[in-house]
>>> print(open('entry_22.txt').read())   # compact mmCIF, C-alpha atoms and all ligand atoms
# COMPACT_ATOMS: atom_id res chain seq x y z
CA MET V 1 -142.98 -20.10 -56.11
CA SER V 2 -142.39 -17.19 -53.82
CA LYS V 3 -139.61 -17.37 -51.27
CA ASP V 4 -141.10 -15.04 -48.69
CA LYS V 5 -144.86 -14.77 -48.53
CA ASN V 6 -144.87 -11.55 -46.52
CA LYS V 7 -142.82 -9.55 -48.96
CA VAL V 8 -144.21 -7.62 -51.91
CA LYS V 9 -142.91 -9.23 -55.10
CA ILE V 10 -141.33 -7.06 -57.71
CA GLY V 11 -140.39 -7.69 -61.31
CA LEU V 12 -137.63 -5.62 -62.84
CA LEU V 13 -137.63 -4.81 -66.55
CA GLY V 14 -134.00 -4.00 -67.33
CA ALA V 15 -130.79 -4.41 -65.39
CA GLY V 16 -128.49 -1.78 -66.87
CA THR V 17 -127.07 1.24 -65.07
CA VAL V 18 -130.30 2.16 -63.26
CA GLY V 19 -131.53 -1.42 -62.84
CA SER V 20 -128.35 -2.58 -61.14
CA GLY V 21 -128.58 0.44 -58.83
CA VAL V 22 -132.14 -0.54 -57.94
CA ILE V 23 -131.03 -4.11 -57.20
CA LYS V 24 -128.37 -2.77 -54.81
CA ALA V 25 -130.80 -0.34 -53.19
CA LEU V 26 -133.34 -3.10 -52.54
CA GLN V 27 -130.86 -5.65 -51.20
CA ASN V 28 -132.01 -6.94 -47.82
CA HIS V 29 -135.18 -4.84 -48.01
CA ALA V 30 -137.52 -5.83 -45.18
CA PHE V 31 -140.73 -5.75 -47.23
CA VAL V 32 -139.70 -6.17 -50.86
CA GLU V 33 -138.43 -9.11 -52.84
CA ILE V 34 -137.24 -8.92 -56.43
CA LYS V 35 -138.76 -12.03 -57.94
CA LYS V 36 -137.68 -11.71 -61.55
CA ILE V 37 -135.26 -9.57 -63.51
CA GLY V 38 -135.78 -9.20 -67.24
CA VAL V 39 -132.69 -8.66 -69.38
CA LYS V 40 -132.06 -8.70 -73.12
CA ASP V 41 -128.93 -10.85 -72.98
CA LEU V 42 -128.78 -13.69 -70.47
CA ASN V 43 -125.12 -14.36 -71.22
CA LYS V 44 -123.85 -10.90 -70.32
CA LYS V 45 -121.68 -10.87 -67.19
CA ARG V 46 -123.45 -8.92 -64.46
CA GLU V 47 -121.87 -7.78 -61.23
CA PHE V 48 -125.10 -7.81 -59.29
CA VAL V 49 -125.68 -11.54 -59.83
CA SER V 50 -122.96 -12.54 -57.36
CA ALA V 51 -124.21 -9.94 -54.88
CA LEU V 52 -127.71 -11.41 -55.09
CA ASN V 53 -126.42 -14.95 -54.73
CA GLY V 54 -124.50 -13.81 -51.69
CA ASN V 55 -127.81 -12.86 -50.08
CA LYS V 56 -129.04 -16.37 -49.91
CA PRO V 57 -127.79 -17.73 -46.61
CA GLY V 58 -129.56 -16.34 -43.62
CA ALA V 59 -131.07 -13.31 -45.27
CA GLY V 60 -134.28 -15.03 -46.28
CA HIS V 61 -133.63 -14.26 -49.94
CA SER V 62 -133.11 -16.52 -52.89
CA PRO V 63 -131.63 -15.03 -56.04
CA PRO V 64 -134.27 -13.71 -58.37
CA LEU V 65 -134.76 -15.41 -61.66
CA LEU V 66 -133.00 -13.78 -64.57
CA THR V 67 -135.06 -14.09 -67.72
CA SER V 68 -134.94 -12.77 -71.24
CA ASN V 69 -138.67 -13.35 -71.61
CA LEU V 70 -139.91 -9.95 -70.50
CA ASN V 71 -143.55 -10.99 -70.95
CA GLU V 72 -143.03 -13.45 -68.11
CA ILE V 73 -142.48 -10.52 -65.76
CA VAL V 74 -145.52 -8.49 -66.71
CA SER V 75 -147.80 -11.54 -66.53
CA ASP V 76 -146.48 -13.25 -63.37
CA PRO V 77 -149.49 -13.39 -61.00
CA GLU V 78 -147.30 -13.03 -57.90
CA ILE V 79 -145.60 -9.84 -59.05
CA GLU V 80 -147.43 -6.76 -57.77
CA ILE V 81 -145.04 -4.02 -58.89
CA VAL V 82 -143.29 -3.87 -62.25
CA VAL V 83 -140.24 -1.63 -62.18
CA GLU V 84 -139.45 -0.41 -65.69
CA VAL V 85 -135.85 0.67 -66.16
CA LEU V 86 -135.43 -0.46 -69.77
CA GLY V 87 -135.81 3.04 -71.22
CA GLY V 88 -137.05 3.88 -74.73
CA LEU V 89 -140.50 3.30 -76.13
CA ILE V 90 -140.22 -0.07 -77.87
CA PRO V 91 -140.96 -2.64 -76.49
CA THR V 92 -141.36 -0.70 -73.23
CA LYS V 93 -144.75 0.86 -73.90
CA GLU V 94 -146.26 -2.48 -74.85
CA LEU V 95 -144.81 -4.21 -71.77
CA VAL V 96 -146.00 -1.47 -69.41
CA THR V 97 -149.44 -1.55 -71.01
CA LEU V 98 -149.65 -5.32 -70.50
CA ALA V 99 -148.45 -5.00 -66.92
CA ILE V 100 -151.16 -2.43 -66.16
CA LYS V 101 -153.81 -4.61 -67.80
CA ASN V 102 -152.56 -7.41 -65.54
CA LYS V 103 -153.20 -5.11 -62.53
CA LYS V 104 -149.58 -4.40 -61.69
CA HIS V 105 -148.44 -1.09 -60.25
CA ILE V 106 -145.67 0.56 -62.27
CA VAL V 107 -142.53 2.34 -61.18
CA THR V 108 -140.65 3.85 -64.08
CA ALA V 109 -137.58 6.00 -64.66
CA ASN V 110 -138.59 6.58 -68.29
CA LYS V 111 -139.25 10.24 -69.19
CA ASP V 112 -139.79 9.47 -72.91
CA LEU V 113 -142.54 7.02 -71.97
CA ILE V 114 -144.30 9.34 -69.50
CA ALA V 115 -143.97 12.48 -71.65
CA THR V 116 -145.11 10.68 -74.81
CA TYR V 117 -147.70 8.17 -73.63
CA GLY V 118 -148.47 9.44 -70.10
CA PRO V 119 -152.12 10.38 -70.78
CA GLU V 120 -152.92 6.96 -72.29
CA LEU V 121 -151.09 5.04 -69.57
CA PHE V 122 -152.54 7.06 -66.68
CA ASP V 123 -156.06 6.51 -68.02
CA LEU V 124 -155.38 2.80 -68.35
CA ALA V 125 -153.94 2.68 -64.82
CA LYS V 126 -157.06 4.36 -63.45
CA GLU V 127 -159.30 1.84 -65.23
CA ASN V 128 -157.28 -1.00 -63.73
CA ASN V 129 -157.05 0.55 -60.27
CA VAL V 130 -153.26 0.59 -60.22
CA GLN V 131 -150.73 3.41 -59.94
CA ILE V 132 -147.80 4.64 -62.01
CA GLN V 133 -144.98 6.27 -60.06
CA PHE V 134 -142.27 8.07 -62.02
CA GLU V 135 -140.11 10.15 -59.64
CA ALA V 136 -136.90 9.00 -61.35
CA SER V 137 -138.08 10.12 -64.79
CA VAL V 138 -137.18 13.76 -64.12
CA CYS V 139 -133.79 14.75 -62.73
CA GLY V 140 -132.77 11.29 -61.46
CA GLY V 141 -132.13 11.66 -57.75
CA ILE V 142 -133.86 15.02 -57.20
CA PRO V 143 -137.23 14.45 -55.50
CA ILE V 144 -139.15 16.99 -57.55
CA ILE V 145 -142.19 15.06 -58.77
CA ASN V 146 -143.58 13.84 -55.48
CA THR V 147 -142.60 17.17 -53.90
CA LEU V 148 -144.83 18.97 -56.41
CA LYS V 149 -147.58 16.36 -56.12
CA GLN V 150 -147.70 16.11 -52.36
CA THR V 151 -145.50 18.32 -50.19
CA LEU V 152 -146.21 21.49 -52.20
CA SER V 153 -149.75 20.52 -53.21
CA ALA V 154 -151.30 23.46 -51.33
CA ASN V 155 -149.51 25.89 -53.66
CA SER V 156 -150.61 27.43 -56.88
CA PHE V 157 -147.51 27.45 -59.06
CA LYS V 158 -146.35 30.49 -61.00
CA LYS V 159 -143.33 29.07 -62.74
CA ILE V 160 -140.80 26.29 -62.95
CA ILE V 161 -137.30 26.82 -64.28
CA GLY V 162 -134.97 23.87 -64.51
CA ILE V 163 -131.51 22.85 -65.50
CA LEU V 164 -132.81 19.45 -66.42
CA ASN V 165 -130.00 17.89 -68.40
CA GLY V 166 -126.68 16.92 -66.86
CA THR V 167 -124.87 16.29 -70.14
CA THR V 168 -125.38 19.80 -71.48
CA ASN V 169 -124.75 21.38 -68.09
CA TYR V 170 -121.47 19.50 -67.89
CA ILE V 171 -120.47 20.71 -71.37
CA LEU V 172 -121.38 24.35 -70.65
CA THR V 173 -119.53 24.24 -67.31
CA GLU V 174 -116.41 22.79 -68.93
CA MET V 175 -116.48 25.38 -71.72
CA LEU V 176 -116.57 28.15 -69.10
CA ASN V 177 -114.02 26.67 -66.70
CA LYS V 178 -111.51 25.56 -69.29
CA ASN V 179 -112.06 28.11 -72.06
CA LEU V 180 -112.79 25.37 -74.56
CA SER V 181 -115.08 25.04 -77.57
CA PHE V 182 -118.37 23.16 -77.64
CA ASP V 183 -116.95 20.41 -79.89
CA VAL V 184 -113.94 19.75 -77.66
CA CYS V 185 -116.09 19.62 -74.50
CA LEU V 186 -118.65 17.33 -76.13
CA LYS V 187 -115.88 14.88 -77.12
CA GLU V 188 -114.46 15.03 -73.60
CA ALA V 189 -117.93 14.41 -72.12
CA GLN V 190 -118.34 11.38 -74.38
CA LYS V 191 -114.94 10.04 -73.35
CA LEU V 192 -115.87 10.34 -69.66
CA GLY V 193 -119.32 8.79 -70.14
CA TYR V 194 -121.25 12.01 -69.39
CA ALA V 195 -122.53 12.14 -72.98
CA GLU V 196 -123.88 9.27 -75.05
CA PRO V 197 -122.04 8.22 -78.24
CA ASP V 198 -125.09 9.73 -80.00
CA PRO V 199 -125.72 12.81 -77.87
CA ILE V 200 -128.49 14.35 -79.97
CA ASN V 201 -131.35 13.91 -77.45
CA ASP V 202 -129.35 15.79 -74.83
CA ILE V 203 -127.73 18.56 -76.86
CA SER V 204 -130.83 19.28 -78.95
CA GLY V 205 -132.85 19.93 -75.78
CA LYS V 206 -135.23 17.00 -76.41
CA ASP V 207 -134.38 15.32 -73.09
CA SER V 208 -135.09 18.58 -71.23
CA ALA V 209 -138.35 19.01 -73.16
CA TYR V 210 -139.64 15.64 -71.92
CA LYS V 211 -138.75 16.63 -68.39
CA ILE V 212 -140.27 20.13 -68.36
CA ALA V 213 -143.43 18.71 -69.98
CA ILE V 214 -143.78 16.21 -67.13
CA LEU V 215 -143.15 18.86 -64.45
CA ALA V 216 -145.53 21.39 -66.04
CA SER V 217 -148.29 18.85 -66.33
CA ILE V 218 -148.04 18.09 -62.60
CA ALA V 219 -147.69 21.72 -61.49
CA PHE V 220 -150.44 23.12 -63.71
CA HIS V 221 -152.80 20.09 -63.68
CA GLU V 222 -153.02 19.83 -67.44
CA ARG V 223 -151.63 17.42 -69.97
CA ILE V 224 -148.92 18.67 -72.30
CA LYS V 225 -148.37 17.47 -75.85
CA ILE V 226 -144.64 17.04 -76.13
CA ASP V 227 -144.56 18.18 -79.77
CA GLU V 228 -145.93 21.57 -78.70
CA VAL V 229 -142.95 22.32 -76.45
CA TYR V 230 -140.64 24.78 -78.24
CA THR V 231 -137.18 23.21 -78.10
CA GLU V 232 -133.79 24.67 -78.94
CA GLY V 233 -130.50 23.02 -77.97
CA ILE V 234 -126.95 24.19 -77.31
CA GLN V 235 -125.36 23.25 -80.65
CA LYS V 236 -124.93 26.90 -81.69
CA ILE V 237 -123.48 28.10 -78.38
CA THR V 238 -119.90 29.33 -78.60
CA LEU V 239 -117.28 30.06 -75.97
CA GLU V 240 -117.69 33.73 -76.86
CA ASP V 241 -121.38 33.64 -75.85
CA ILE V 242 -120.49 32.01 -72.54
CA LEU V 243 -117.74 34.54 -71.74
CA LEU V 244 -119.87 37.51 -72.75
CA ALA V 245 -122.67 36.27 -70.49
CA GLU V 246 -120.21 36.24 -67.58
CA GLU V 247 -119.00 39.77 -68.35
CA LEU V 248 -122.57 41.02 -68.38
CA GLY V 249 -123.38 39.44 -64.98
CA TYR V 250 -125.13 36.33 -66.29
CA ARG V 251 -124.41 32.63 -66.75
CA LEU V 252 -125.38 30.70 -69.85
CA LYS V 253 -127.45 27.57 -69.17
CA LEU V 254 -129.78 25.27 -71.06
CA ILE V 255 -133.09 25.67 -69.28
CA GLY V 256 -136.61 24.31 -69.37
CA VAL V 257 -139.19 26.92 -68.37
CA ALA V 258 -142.91 26.60 -67.75
CA GLY V 259 -145.39 29.13 -66.45
CA LYS V 260 -149.12 29.63 -66.43
CA GLU V 261 -150.11 32.91 -68.07
CA SER V 262 -153.06 35.12 -67.17
CA ASP V 263 -154.84 34.01 -70.36
CA GLY V 264 -154.74 30.41 -69.11
CA LYS V 265 -152.11 29.35 -71.63
CA ILE V 266 -148.95 27.54 -70.61
CA ASP V 267 -145.68 29.14 -71.67
CA ILE V 268 -143.39 26.11 -71.90
CA ARG V 269 -140.06 25.90 -73.69
CA VAL V 270 -136.49 24.68 -73.67
CA HIS V 271 -133.63 26.86 -74.87
CA PRO V 272 -130.26 28.27 -73.85
CA ALA V 273 -130.63 31.35 -71.66
CA PHE V 274 -128.61 33.95 -69.83
CA ILE V 275 -129.59 33.69 -66.18
CA LYS V 276 -128.52 36.23 -63.55
CA LYS V 277 -125.56 35.15 -61.45
CA THR V 278 -127.66 36.01 -58.39
CA ASN V 279 -130.13 33.25 -59.38
CA THR V 280 -129.38 30.02 -57.45
CA LEU V 281 -129.58 28.06 -60.69
CA SER V 282 -126.42 29.75 -61.94
CA SER V 283 -124.49 27.78 -59.31
CA VAL V 284 -125.72 24.42 -60.62
CA LEU V 285 -122.47 23.16 -62.11
CA GLY V 286 -121.12 20.15 -63.95
CA ALA V 287 -123.46 17.22 -64.46
CA ASN V 288 -125.81 18.38 -61.69
CA ASN V 289 -129.43 19.36 -62.25
CA GLY V 290 -131.46 22.04 -60.50
CA VAL V 291 -135.15 22.95 -60.43
CA LEU V 292 -136.56 26.22 -59.20
CA VAL V 293 -140.27 26.40 -58.50
CA GLU V 294 -142.28 29.39 -57.42
CA GLY V 295 -145.43 28.68 -55.47
CA ASP V 296 -147.83 31.26 -54.05
CA LEU V 297 -147.32 29.94 -50.52
CA VAL V 298 -143.77 28.64 -50.44
CA GLY V 299 -142.25 31.37 -52.62
CA GLU V 300 -139.14 30.38 -54.55
CA LEU V 301 -137.59 27.02 -53.83
CA THR V 302 -134.65 25.37 -55.57
CA LEU V 303 -133.70 21.70 -55.47
CA ILE V 304 -130.22 20.81 -56.70
CA GLY V 305 -128.62 17.39 -57.05
CA LYS V 306 -127.61 14.53 -59.26
CA GLY V 307 -129.88 14.20 -62.26
CA ALA V 308 -128.60 10.84 -63.45
CA GLY V 309 -126.37 7.94 -62.46
CA SER V 310 -127.03 4.52 -61.05
CA MET V 311 -127.53 5.14 -57.33
CA PRO V 312 -129.15 8.63 -57.41
CA THR V 313 -131.73 7.35 -59.90
CA ALA V 314 -132.17 4.17 -57.87
CA SER V 315 -132.86 6.36 -54.84
CA SER V 316 -135.95 7.76 -56.57
CA VAL V 317 -137.07 4.39 -57.96
CA ALA V 318 -136.73 2.72 -54.55
CA GLY V 319 -138.60 5.62 -52.90
CA ASP V 320 -141.49 5.08 -55.31
CA ILE V 321 -141.42 1.35 -54.57
CA ASN V 322 -141.60 2.09 -50.83
CA LEU V 323 -144.58 4.37 -51.41
CA LEU V 324 -146.46 1.62 -53.24
CA VAL V 325 -145.40 -1.07 -50.79
CA ALA V 326 -146.74 0.98 -47.88
CA GLN V 327 -150.12 1.13 -49.60
CA ILE V 328 -150.16 -2.50 -50.67
CA SER V 329 -149.05 -3.79 -47.25
CA SER V 330 -151.65 -1.83 -45.34
CA SER V 331 -154.35 -2.36 -48.01
CA GLN V 332 -154.68 1.41 -48.23
CA LYS V 333 -156.43 3.02 -51.13
CA PRO V 334 -154.02 5.03 -53.31
CA ASN V 335 -153.39 8.49 -51.97
CA PRO V 336 -155.19 10.66 -54.57
CA GLN V 337 -152.24 13.07 -54.53
CA PHE V 338 -150.12 10.41 -56.19
CA VAL V 339 -152.67 9.52 -58.85
CA CYS V 340 -153.02 11.52 -62.06
CA GLN V 341 -156.33 13.38 -61.71
CA HIS V 342 -156.30 15.74 -64.68
CA THR V 343 -157.56 14.84 -68.11
CA SER V 344 -157.66 18.01 -70.25
CA PHE V 345 -154.84 19.14 -72.51
CA ALA V 346 -153.18 22.53 -71.91
CA LYS V 347 -153.34 25.38 -74.40
CA ILE V 348 -149.71 26.15 -75.16
CA LYS V 349 -148.46 29.65 -75.86
CA SER V 350 -146.53 29.71 -79.12
CA ILE V 351 -142.93 30.92 -78.86
CA SER V 352 -143.73 33.98 -80.99
CA GLU V 353 -146.23 35.14 -78.36
CA THR V 354 -143.74 34.96 -75.47
CA THR V 355 -141.98 38.00 -74.04
CA ASN V 356 -138.27 38.00 -73.21
CA CYS V 357 -135.15 40.11 -73.05
CA TYR V 358 -132.56 39.12 -75.65
CA PHE V 359 -128.80 39.03 -76.06
CA LEU V 360 -127.59 39.52 -79.63
CA ARG V 361 -124.17 39.21 -81.17
CA ILE V 362 -123.94 40.83 -84.60
CA LYS V 363 -120.97 41.13 -86.96
CA THR V 364 -121.11 44.28 -89.07
CA GLU V 365 -118.98 46.47 -91.28
CA ASP V 366 -116.97 48.92 -89.20
CA LYS V 367 -118.00 52.28 -90.57
CA ALA V 368 -120.02 55.39 -89.79
CA GLY V 369 -123.77 54.96 -89.37
CA VAL V 370 -123.84 51.21 -88.61
CA VAL V 371 -125.09 51.55 -85.04
CA GLY V 372 -127.59 54.15 -86.20
CA GLN V 373 -128.98 51.75 -88.82
CA LEU V 374 -129.29 48.93 -86.32
CA GLY V 375 -130.99 51.26 -83.82
CA THR V 376 -133.48 52.40 -86.44
CA ILE V 377 -134.41 48.86 -87.44
CA PHE V 378 -134.85 47.76 -83.82
CA GLY V 379 -136.84 50.92 -83.06
CA ASN V 380 -139.15 50.27 -86.02
CA HIS V 381 -140.04 46.91 -84.50
CA ASP V 382 -140.55 48.21 -80.93
CA VAL V 383 -137.32 46.65 -79.71
CA SER V 384 -135.81 48.83 -77.00
CA ILE V 385 -132.05 48.47 -76.50
CA ASN V 386 -130.81 48.14 -72.93
CA THR V 387 -127.05 48.03 -73.57
CA LEU V 388 -124.99 48.06 -76.75
CA THR V 389 -121.25 47.53 -77.01
CA GLN V 390 -118.96 47.49 -80.00
CA ARG V 391 -116.38 45.04 -78.78
CA CYS V 392 -113.49 45.54 -81.17
CA THR V 393 -112.44 46.12 -84.72
CA ASN V 394 -111.68 42.67 -86.09
CA LEU V 395 -108.69 41.98 -88.37
CA ASP V 396 -111.03 41.68 -91.35
CA ASN V 397 -112.25 45.24 -90.71
CA THR V 398 -115.55 44.11 -89.24
CA ALA V 399 -117.03 45.08 -85.89
CA SER V 400 -118.56 42.77 -83.27
CA ILE V 401 -121.59 44.37 -81.71
CA THR V 402 -123.25 42.88 -78.65
CA MET V 403 -126.61 44.02 -77.33
CA LEU V 404 -129.06 43.35 -74.56
CA THR V 405 -132.66 44.36 -75.17
CA HIS V 406 -135.44 45.28 -72.79
CA LEU V 407 -138.50 43.01 -72.64
CA VAL V 408 -140.07 42.52 -76.05
CA LYS V 409 -142.37 40.05 -77.77
CA GLU V 410 -140.51 37.26 -79.57
CA GLU V 411 -142.30 37.95 -82.85
CA LYS V 412 -141.08 41.56 -82.77
CA ILE V 413 -137.44 40.64 -82.21
CA GLN V 414 -137.66 37.98 -84.93
CA GLU V 415 -139.05 40.55 -87.38
CA ALA V 416 -136.21 42.92 -86.48
CA ILE V 417 -133.61 40.15 -86.87
CA THR V 418 -134.93 39.23 -90.32
CA GLU V 419 -134.57 42.86 -91.40
CA ILE V 420 -131.14 43.19 -89.80
CA LYS V 421 -129.88 40.08 -91.61
CA ASN V 422 -130.76 41.81 -94.90
CA ALA V 423 -129.08 45.14 -94.06
CA ASN V 424 -126.04 45.87 -96.28
CA VAL V 425 -123.79 46.73 -93.35
CA VAL V 426 -124.52 43.46 -91.50
CA LYS V 427 -122.21 40.52 -92.16
CA GLN V 428 -123.89 38.03 -89.81
CA VAL V 429 -126.25 37.78 -86.87
CA GLU V 430 -123.99 35.42 -84.95
CA ASN V 431 -126.28 34.45 -82.10
CA VAL V 432 -129.53 35.40 -80.38
CA ILE V 433 -130.03 34.14 -76.86
CA ARG V 434 -132.97 34.75 -74.53
CA VAL V 435 -132.25 36.41 -71.19
CA LEU V 436 -134.21 35.49 -68.05
CA GLU V 437 -135.02 38.56 -66.01
N1 LIG H 501 -129.23 12.16 -70.40
C1 LIG H 501 -129.75 12.76 -69.23
C2 LIG H 501 -128.86 13.89 -68.77
C3 LIG H 501 -129.91 11.81 -68.09
O1 LIG H 501 -127.80 14.12 -69.31
O2 LIG H 501 -129.25 14.57 -67.83
C4 LIG H 501 -131.12 10.95 -68.21
O3 LIG H 501 -132.28 11.71 -68.33
>>> encode(input="entry_22.txt", output="structure tokens")
Amino acid sequence: MSKDKNKVKIGLLGAGTVGSGVIKALQNHAFVEIKKIGVKDLNKKREFVSALNGNKPGAGHSPPLLTSNLNEIVSDPEIEIVVEVLGGLIPTKELVTLAIKNKKHIVTANKDLIATYGPELFDLAKENNVQIQFEASVCGGIPIINTLKQTLSANSFKKIIGILNGTTNYILTEMLNKNLSFDVCLKEAQKLGYAEPDPINDISGKDSAYKIAILASIAFHERIKIDEVYTEGIQKITLEDILLAEELGYRLKLIGVAGKESDGKIDIRVHPAFIKKTNTLSSVLGANNGVLVEGDLVGELTLIGKGAGSMPTASSVAGDINLLVAQISSSQKPNPQFVCQHTSFAKIKSISETTNCYFLRIKTEDKAGVVGQLGTIFGNHDVSINTLTQRCTNLDNTASITMLTHLVKEEKIQEAITEIKNANVVKQVENVIRVLE
């Protein structure tokens, strides 16, 4: 039975890094009581248990029940809000679905869940007259989702550019600051806990793709199929690329970009990019995240902060809980700005249709006519060269040529690159990186 009738009862699915942060953030909350906490292993030692037990005298709290039966949480009639901080899709999707069917509001920090099953879950939530809040699913502590949904709702958005993944931003920052290779910095990041033992979701750009898909769907009022988001990670980035970017006045970052084009299509993608040092995002360093939005009324706006971690993520989860509690306590109808209202799927621009400037690093033979041949091939494919530098004659008698192009369609530059790779004088196209202008 409930310990405090006036408080909104919450059930927590998961008590790991984020979950334990949420427990701390909600300690002694005036209007919220955590009734049950669902964990996989009841025998695991958990710091927060003693903190919760310490609440008992005088504070009007009794310790919540720890259970490994997660179904108990989503079906408890007293629980009004289910807070999902388990992560992953299995068994999370099934549990969240059951919770919604049992008329529970959802607060989740799970970007995979929202980006993959959002449309289905939002429809189900509407049918059951409950809400799903997911501020913590994108950029942990940065309040970007509800800012787009509510505070900036009068704007029509032109673009969103985000440094959405702390792990890769940490690695790129370390490579630059310490002149180290990708592999060394990845290992260091794993040792310090910034990167997972299996870092593939982060370094491949998948994590950023989930996040930009969620942001784009809110900003442009259309659903995004995650598989249609072009995604390229940082595995091929070398220290040389990073240092050359700096020399040319840019900084190399892994970015998620989304924009609505005049033909109604959404240009949405994740890839490494040179961004101008004058762009605020270039100063987003280490494990921090940053999101730049451009609205027709507000102009450009950048939010920077901690994109992960126990307490920053708990800040967003607890904010979402407060939002729901305010509605529940005052029997308000859900504010329509916080409810998913769009139902159609966006038409996504394919990467080959996008237009960018490009940085290229090409290793060639060092002899007369090489630059001329490259120039001819680029010219034949409408690629206009902005700058071209032959960096040095290497010990193996090859030359390293670096180039920046003017704006050109991706399909044109790819055609040119295919031809260049086959030219006799070319040893290797070492890297091609998009440049944000
Ligand atoms: N793995 C993510 C990152 C945090 O490195 O930013 C959770 O989304």
>>> residues_near_ligand(input="entry_22.txt", ligand="ligand LIG 501 (chain H)", cutoff="9 Å", atoms="all atoms listed in the file", output="PDB file with C-alpha atoms, in the frame of the given file")
ATOM      1  CA  ALA V 109    -137.580   6.000 -64.660  1.00  0.00           C
ATOM      2  CA  ASN V 110    -138.590   6.580 -68.290  1.00  0.00           C
ATOM      3  CA  LYS V 111    -139.250  10.240 -69.190  1.00  0.00           C
ATOM      4  CA  ALA V 136    -136.900   9.000 -61.350  1.00  0.00           C
ATOM      5  CA  SER V 137    -138.080  10.120 -64.790  1.00  0.00           C
ATOM      6  CA  VAL V 138    -137.180  13.760 -64.120  1.00  0.00           C
ATOM      7  CA  CYS V 139    -133.790  14.750 -62.730  1.00  0.00           C
ATOM      8  CA  GLY V 140    -132.770  11.290 -61.460  1.00  0.00           C
ATOM      9  CA  ILE V 163    -131.510  22.850 -65.500  1.00  0.00           C
ATOM     10  CA  LEU V 164    -132.810  19.450 -66.420  1.00  0.00           C
ATOM     11  CA  ASN V 165    -130.000  17.890 -68.400  1.00  0.00           C
ATOM     12  CA  GLY V 166    -126.680  16.920 -66.860  1.00  0.00           C
ATOM     13  CA  THR V 167    -124.870  16.290 -70.140  1.00  0.00           C
ATOM     14  CA  THR V 168    -125.380  19.800 -71.480  1.00  0.00           C
ATOM     15  CA  ASN V 169    -124.750  21.380 -68.090  1.00  0.00           C
ATOM     16  CA  TYR V 170    -121.470  19.500 -67.890  1.00  0.00           C
ATOM     17  CA  TYR V 194    -121.250  12.010 -69.390  1.00  0.00           C
ATOM     18  CA  ALA V 195    -122.530  12.140 -72.980  1.00  0.00           C
ATOM     19  CA  GLU V 196    -123.880   9.270 -75.050  1.00  0.00           C
ATOM     20  CA  PRO V 199    -125.720  12.810 -77.870  1.00  0.00           C
ATOM     21  CA  ASN V 201    -131.350  13.910 -77.450  1.00  0.00           C
ATOM     22  CA  ASP V 202    -129.350  15.790 -74.830  1.00  0.00           C
ATOM     23  CA  ILE V 203    -127.730  18.560 -76.860  1.00  0.00           C
ATOM     24  CA  ASP V 207    -134.380  15.320 -73.090  1.00  0.00           C
ATOM     25  CA  SER V 208    -135.090  18.580 -71.230  1.00  0.00           C
ATOM     26  CA  LYS V 211    -138.750  16.630 -68.390  1.00  0.00           C
ATOM     27  CA  ALA V 287    -123.460  17.220 -64.460  1.00  0.00           C
ATOM     28  CA  ASN V 288    -125.810  18.380 -61.690  1.00  0.00           C
ATOM     29  CA  ASN V 289    -129.430  19.360 -62.250  1.00  0.00           C
ATOM     30  CA  LYS V 306    -127.610  14.530 -59.260  1.00  0.00           C
ATOM     31  CA  GLY V 307    -129.880  14.200 -62.260  1.00  0.00           C
ATOM     32  CA  ALA V 308    -128.600  10.840 -63.450  1.00  0.00           C
ATOM     33  CA  GLY V 309    -126.370   7.940 -62.460  1.00  0.00           C
TER      34      GLY V 309
END
>>> closest_residue(input="entry_22.txt", among="V:Ile234, V:Ile413, V:Ile224, V:Leu148", to="Phe182 (chain V)", atoms="all atoms listed in the file")
V:Ile234
>>> residues_around(input="entry_22.txt", residues="Val18 (chain V)", least_positions_apart="5", cutoff="8 Å", atoms="all atoms listed in the file", output="ChimeraX atom specification")
/V:85,309-311,313-314
>>> closest_residue(input="entry_22.txt", among="V:Ile385, V:Ile212, V:Val325, V:Ile34", to="Ser20 (chain V)", atoms="all atoms listed in the file")
V:Ile34
>>> atom_distance(input="entry_22.txt", atom1="CA of Asp320 (chain V)", atom2="CA of Asn69 (chain V)")
24.8 Å
>>> closest_residue(input="entry_22.txt", among="V:Pro312, V:Gly205, V:Gly87, V:Gly299", to="Thr231 (chain V)", atoms="all atoms listed in the file")
V:Gly205
>>> atom_distance(input="entry_22.txt", atom1="CA of Ile226 (chain V)", atom2="CA of Tyr210 (chain V)")
6.7 Å
>>> closest_residue(input="entry_22.txt", among="V:Ala346, V:Asp263, V:Gly290, V:Leu12", to="Ala216 (chain V)", atoms="all atoms listed in the file")
V:Ala346
>>> residues_around(input="entry_22.txt", residues="Thr354 (chain V)", least_positions_apart="3", cutoff="9 Å", atoms="all atoms listed in the file", output="ChimeraX atom specification")
/V:267,349-351,408-411
>>> atom_distance(input="entry_22.txt", atom1="CA of Ile106 (chain V)", atom2="CA of Val82 (chain V)")
5.0 Å
>>> closest_residue(input="entry_22.txt", among="V:Lys24, V:Arg361, V:Lys277, V:Lys260", to="Glu437 (chain V)", atoms="only C-alpha atoms")
V:Lys277
>>> closest_residue(input="entry_22.txt", among="V:Leu303, V:Val339, V:Val257, V:Leu281", to="Ile218 (chain V)", atoms="all atoms listed in the file")
V:Val339
>>> residues_around(input="entry_22.txt", residues="Leu407 (chain V)", least_positions_apart="5", cutoff="8 Å", atoms="only C-alpha atoms", output="list of chain:residue names")
V:Thr355, V:Asn356, V:Cys357, V:Tyr358, V:Ser384
>>> residues_around(input="entry_22.txt", residues="region 326-336 of chain V", least_positions_apart="5", cutoff="9 Å", atoms="all atoms listed in the file", output="list in words")
Asn6, Lys7, Val8, Phe31, Glu80, Asn129, Val130, Gln131, Ile321 and Gln341 of chain V
